[in-house]
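**Student:** So that you have it, the file is query39.pdb, and it contains PDB, C-alpha atoms:
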```pdb
ATOM      1  CA  MET A   1     149.854  55.007  86.041
ATOM      2  CA  THR A   2     151.573  51.636  86.344
ATOM      3  CA  GLU A   3     149.678  48.347  86.479
ATOM      4  CA  SER A   4     150.552  47.999  90.177
ATOM      5  CA  GLN A   5     149.217  51.492  90.904
ATOM      6  CA  ARG A   6     146.019  50.719  88.975
ATOM      7  CA  LEU A   7     145.455  47.481  90.900
ATOM      8  CA  ILE A   8     146.044  49.223  94.240
ATOM      9  CA  ALA A   9     143.531  51.907  93.197
ATOM     10  CA  GLU A  10     141.022  49.150  92.354
ATOM     11  CA  ALA A  11     141.692  47.499  95.733
ATOM     12  CA  ARG A  12     141.035  50.843  97.447
ATOM     13  CA  ASN A  13     137.747  51.115  95.518
ATOM     14  CA  ALA A  14     136.807  47.645  96.754
ATOM     15  CA  ALA A  15     137.663  48.701 100.326
ATOM     16  CA  GLU A  16     135.033  51.442 100.047
ATOM     17  CA  ARG A  17     132.428  48.631 100.137
ATOM     18  CA  SER A  18     133.865  47.100 103.322
ATOM     19  CA  HIS A  19     131.511  46.197 106.162
ATOM     20  CA  SER A  20     133.790  46.923 109.124
ATOM     21  CA  PRO A  21     131.684  48.423 111.932
ATOM     22  CA  TYR A  22     133.823  46.822 114.656
ATOM     23  CA  SER A  23     137.426  47.373 113.610
ATOM     24  CA  LYS A  24     136.794  50.427 111.413
ATOM     25  CA  PHE A  25     139.623  48.998 109.269
ATOM     26  CA  ARG A  26     138.535  48.895 105.621
ATOM     27  CA  VAL A  27     140.471  46.557 103.333
ATOM     28  CA  GLY A  28     139.999  45.749  99.665
ATOM     29  CA  ALA A  29     141.619  43.224  97.345
ATOM     30  CA  VAL A  30     141.761  42.471  93.651
ATOM     31  CA  VAL A  31     142.639  39.033  92.309
ATOM     32  CA  VAL A  32     143.920  38.774  88.759
ATOM     33  CA  ALA A  33     143.419  35.282  87.340
ATOM     34  CA  SER A  34     145.888  33.714  84.927
ATOM     35  CA  ASP A  35     143.605  34.719  82.034
ATOM     36  CA  GLY A  36     143.591  38.374  83.182
ATOM     37  CA  THR A  37     140.056  38.396  84.611
ATOM     38  CA  GLU A  38     139.808  40.465  87.792
ATOM     39  CA  TYR A  39     137.783  39.699  90.923
ATOM     40  CA  ARG A  40     137.296  42.086  93.823
ATOM     41  CA  GLY A  41     136.637  41.576  97.505
ATOM     42  CA  CYS A  42     136.432  43.557 100.722
ATOM     43  CA  ASN A  43     136.502  42.608 104.367
ATOM     44  CA  VAL A  44     133.115  41.741 105.840
ATOM     45  CA  GLU A  45     132.972  41.730 109.628
ATOM     46  CA  ASN A  46     130.424  40.039 111.830
ATOM     47  CA  ALA A  47     129.554  40.446 115.510
ATOM     48  CA  ALA A  48     130.606  36.795 115.819
ATOM     49  CA  TYR A  49     134.224  37.556 114.851
ATOM     50  CA  GLY A  50     134.922  34.055 113.549
ATOM     51  CA  ALA A  51     132.290  34.603 110.866
ATOM     52  CA  SER A  52     134.176  37.614 109.479
ATOM     53  CA  ILE A  53     136.041  37.334 106.168
ATOM     54  CA  CYS A  54     139.154  39.148 105.016
ATOM     55  CA  ALA A  55     139.188  41.088 101.749
ATOM     56  CA  GLU A  56     141.790  38.734 100.280
ATOM     57  CA  ALA A  57     139.758  35.633 101.137
ATOM     58  CA  ASN A  58     136.621  37.290  99.758
ATOM     59  CA  ALA A  59     138.313  38.059  96.416
ATOM     60  CA  ILE A  60     139.973  34.628  96.203
ATOM     61  CA  THR A  61     136.814  32.661  96.980
ATOM     62  CA  THR A  62     134.860  34.795  94.486
ATOM     63  CA  ALA A  63     137.455  33.953  91.837
ATOM     64  CA  VAL A  64     137.316  30.259  92.759
ATOM     65  CA  ALA A  65     133.505  30.307  92.591
ATOM     66  CA  ASN A  66     133.946  31.550  89.023
ATOM     67  CA  GLY A  67     136.218  28.653  88.088
ATOM     68  CA  VAL A  68     139.658  30.165  88.748
ATOM     69  CA  ARG A  69     142.263  27.697  89.975
ATOM     70  CA  GLU A  70     145.406  29.764  89.480
ATOM     71  CA  ILE A  71     146.006  33.363  90.553
ATOM     72  CA  ASP A  72     148.512  35.520  88.762
ATOM     73  CA  THR A  73     148.373  38.587  91.032
ATOM     74  CA  ILE A  74     146.589  39.815  94.143
ATOM     75  CA  ALA A  75     146.633  43.469  95.217
ATOM     76  CA  VAL A  76     145.628  44.510  98.747
ATOM     77  CA  ALA A  77     144.990  48.018 100.067
ATOM     78  CA  CYS A  78     143.728  49.513 103.307
ATOM     79  CA  LEU A  79     141.882  52.810 103.593
ATOM     80  CA  ASP A  80     142.522  53.262 107.309
ATOM     81  CA  GLY A  81     146.288  53.018 107.479
ATOM     82  CA  GLU A  82     148.946  52.096 104.984
ATOM     83  CA  GLY A  83     151.332  49.194 104.996
ATOM     84  CA  CYS A  84     148.761  46.516 105.907
ATOM     85  CA  SER A  85     149.744  42.938 105.218
ATOM     86  CA  PRO A  86     147.675  39.767 104.670
ATOM     87  CA  CYS A  87     147.083  37.467 107.628
ATOM     88  CA  GLY A  88     148.504  33.947 107.661
ATOM     89  CA  ASN A  89     145.216  32.389 106.577
ATOM     90  CA  CYS A  90     145.024  34.657 103.518
ATOM     91  CA  ARG A  91     148.660  33.956 102.661
ATOM     92  CA  GLN A  92     147.893  30.238 102.717
ATOM     93  CA  LEU A  93     144.832  30.796 100.481
ATOM     94  CA  MET A  94     147.102  32.641  98.055
ATOM     95  CA  ARG A  95     149.456  29.672  98.174
ATOM     96  CA  GLU A  96     146.664  27.184  97.541
ATOM     97  CA  PHE A  97     145.889  28.934  94.256
ATOM     98  CA  SER A  98     149.525  29.565  93.241
ATOM     99  CA  ALA A  99     149.567  33.365  93.459
ATOM    100  CA  LYS A 100     152.683  34.512  91.646
ATOM    101  CA  ARG A 101     152.719  38.164  92.663
ATOM    102  CA  VAL A 102     151.345  40.052  95.681
ATOM    103  CA  ILE A 103     151.067  43.839  95.596
ATOM    104  CA  LEU A 104     150.822  45.625  98.942
ATOM    105  CA  THR A 105     151.396  49.244  99.905
ATOM    106  CA  ASN A 106     154.147  50.738 101.992
ATOM    107  CA  GLU A 107     153.656  53.365 104.700
ATOM    108  CA  THR A 108     153.404  56.120 102.062
ATOM    109  CA  GLY A 109     150.751  54.232 100.072
ATOM    110  CA  ALA A 110     153.051  53.331  97.179
ATOM    111  CA  PRO A 111     152.706  49.825  95.704
ATOM    112  CA  VAL A 112     155.335  47.254  96.656
ATOM    113  CA  GLU A 113     155.470  43.897  94.860
ATOM    114  CA  TYR A 114     156.369  40.614  96.544
ATOM    115  CA  ALA A 115     156.712  37.026  95.453
ATOM    116  CA  LEU A 116     154.477  34.898  97.670
ATOM    117  CA  ASP A 117     157.515  32.923  98.865
ATOM    118  CA  ALA A 118     158.783  36.119 100.512
ATOM    119  CA  LEU A 119     155.522  36.429 102.479
ATOM    120  CA  LEU A 120     155.052  32.716 103.191
ATOM    121  CA  PRO A 121     158.428  30.952 103.225
ATOM    122  CA  MET A 122     158.665  27.165 103.498
ATOM    123  CA  SER A 123     154.964  26.855 102.753
ATOM    124  CA  PHE A 124     152.890  23.747 102.211
ATOM    125  CA  GLY A 125     150.812  23.516  99.051
ATOM    126  CA  PRO A 126     148.905  21.182  96.751
ATOM    127  CA  GLU A 127     152.054  19.779  95.125
ATOM    128  CA  ASN A 128     153.211  18.583  98.559
ATOM    129  CA  LEU A 129     150.121  16.391  98.743
ATOM    130  CA  GLU A 130     150.772  14.975  95.271
ATOM    131  CA  ALA A 131     154.373  14.147  96.185
ATOM    132  CA  SER A 132     153.292  12.406  99.385
ATOM    133  CA  ARG A 133     150.908  10.123  97.435
ATOM    134  CA  GLU A 134     153.652   8.808  95.154
TER     135      GLU A 134
END
```
Would you mind writing the file's structure down as structure tokens?

**Tutor:**
Amino acid sequence: MTESQRLIAEARNAAERSHSPYSKFRVGAVVVASDGTEYRGCNVENAAYGASICAEANAITTAVANGVREIDTIAVACLDGEGCSPCGNCRQLMREFSAKRVILTNETGAPVEYALDALLPMSFGPENLEASRE
């Protein structure tokens, strides 16, 4: 089993814990910090939809709450359909914490790796703020 396959399997395990009574769309994510520590998250829905949280955001904010400021890899998997892709908000969260590699699945469930720039071209990040202050 490759590292990408292992991370997708871990993301699927995280999706098993999803609270998705409204969409019935279970998503899990695994964040790998620069030091190799892994953090998991799943989507958590709420009757007030705006209070829901995506699996990617859940994993990223858990990592941040544990002191992570730079993400090496994030893997995302869906149990109720293959080929899911992070929303724009989650892509921007990945950008904020410098995710280098994003692993998603294709329609057959196989892992596919992307550089974040391919998923969020011409993005705005923390270094843009630093440059504007100079």

**Student:** If I take CA of Phe25 in chain A and CA of Glu38 in chain A, how far is one from the other in Å, to one decimal?

**Tutor:**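 Interatomic distance, CA of Phe25 in chain A to CA of Glu38 in chain A: 23.1 Å.
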
**Student:** What's around Pro126 in chain A at 10 Å? Count all atoms listed in the file, leave out sequence neighbours fewer than 5 positions away in its own chain, and write the answer as number ranges by chain.

**Tutor:** A: 95-98, 131

**Student:** So which one's closest to Gly88 in chain A, A:Ala115, A:Ala65, A:Leu104, A:Cys54? Using all atoms listed in the file, please.

**Tutor:**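 The answer is A:Cys54, which sits nearest to Gly88 in chain A.
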
**Student:** The PyMOL selection byres ((chain A and resi 2-19) around 6) on the file shown: which residues, as a list of chain:residue names?

**Tutor:**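 Going through the file, the PyMOL selection byres ((chain A and resi 2-19) around 6) ends up selecting A:Met1, A:Ser20, A:Arg26, A:Val27, A:Gly28, A:Ala29, A:Val30, A:Cys42, A:Asn43, A:Val44, A:Glu45, A:Ala75, A:Val76, A:Ala77.
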
**Student:** Identify all residues satisfying the PyMOL selection byres ((chain A and resi 83-86) around 10) in the given file; provide them as number ranges by chain.

**Tutor:** A: 27, 54-57, 76-82, 87-92, 94, 102-112, 119

**Student:** Taking the point (148.6, 36.3, 86.8) as given in the file, collect each protein or nucleic acid residue that comes within 6 Å of it, counting only C-alpha atoms, and present the set as a list of chain:residue names.

**Tutor:**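 Result, sorted by chain then residue number: A:Val32, A:Ala33, A:Ser34, A:Ile71, A:Asp72, A:Thr73.
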
**Student:** Nearest residue to Arg69 in chain A out of A:Ser123, A:Ala47, A:Ile53, A:Asp35, using all atoms listed in the file?

**Tutor:**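 Closest candidate: A:Asp35.
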
**Student:** To one decimal place, how far is CA of Glu113 in chain A from CA of Arg101 in chain A in Å?

**Tutor:**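 Separating CA of Glu113 in chain A from CA of Arg101 in chain A is a distance of 6.7 Å.
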
**Student:** Using Å and a single decimal, report how far CA of Phe124 in chain A sits from CA of Thr62 in chain A.

**Tutor:**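 Calculated distance between CA of Thr62 in chain A and CA of Phe124 in chain A is 22.5 Å.
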
**Student:** Box in all listed atoms of range 100-113 of chain A, axis-aligned, with 3 Å more on each side; write out centre and edge lengths in Å to one decimal as lines of an AutoDock Vina configuration file.

**Tutor:**
```
center_x = 153.1
center_y = 45.3
center_z = 98.2
size_x = 10.7
size_y = 27.6
size_z = 19.1
```

**Student:** Counting all atoms listed in the file, which of A:Ser23, A:Ala99, A:Pro121, A:Leu93 gets nearest to Ser52 in chain A?

**Tutor:**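 For Ser52 in chain A, the nearest of the given residues is A:Ser23.
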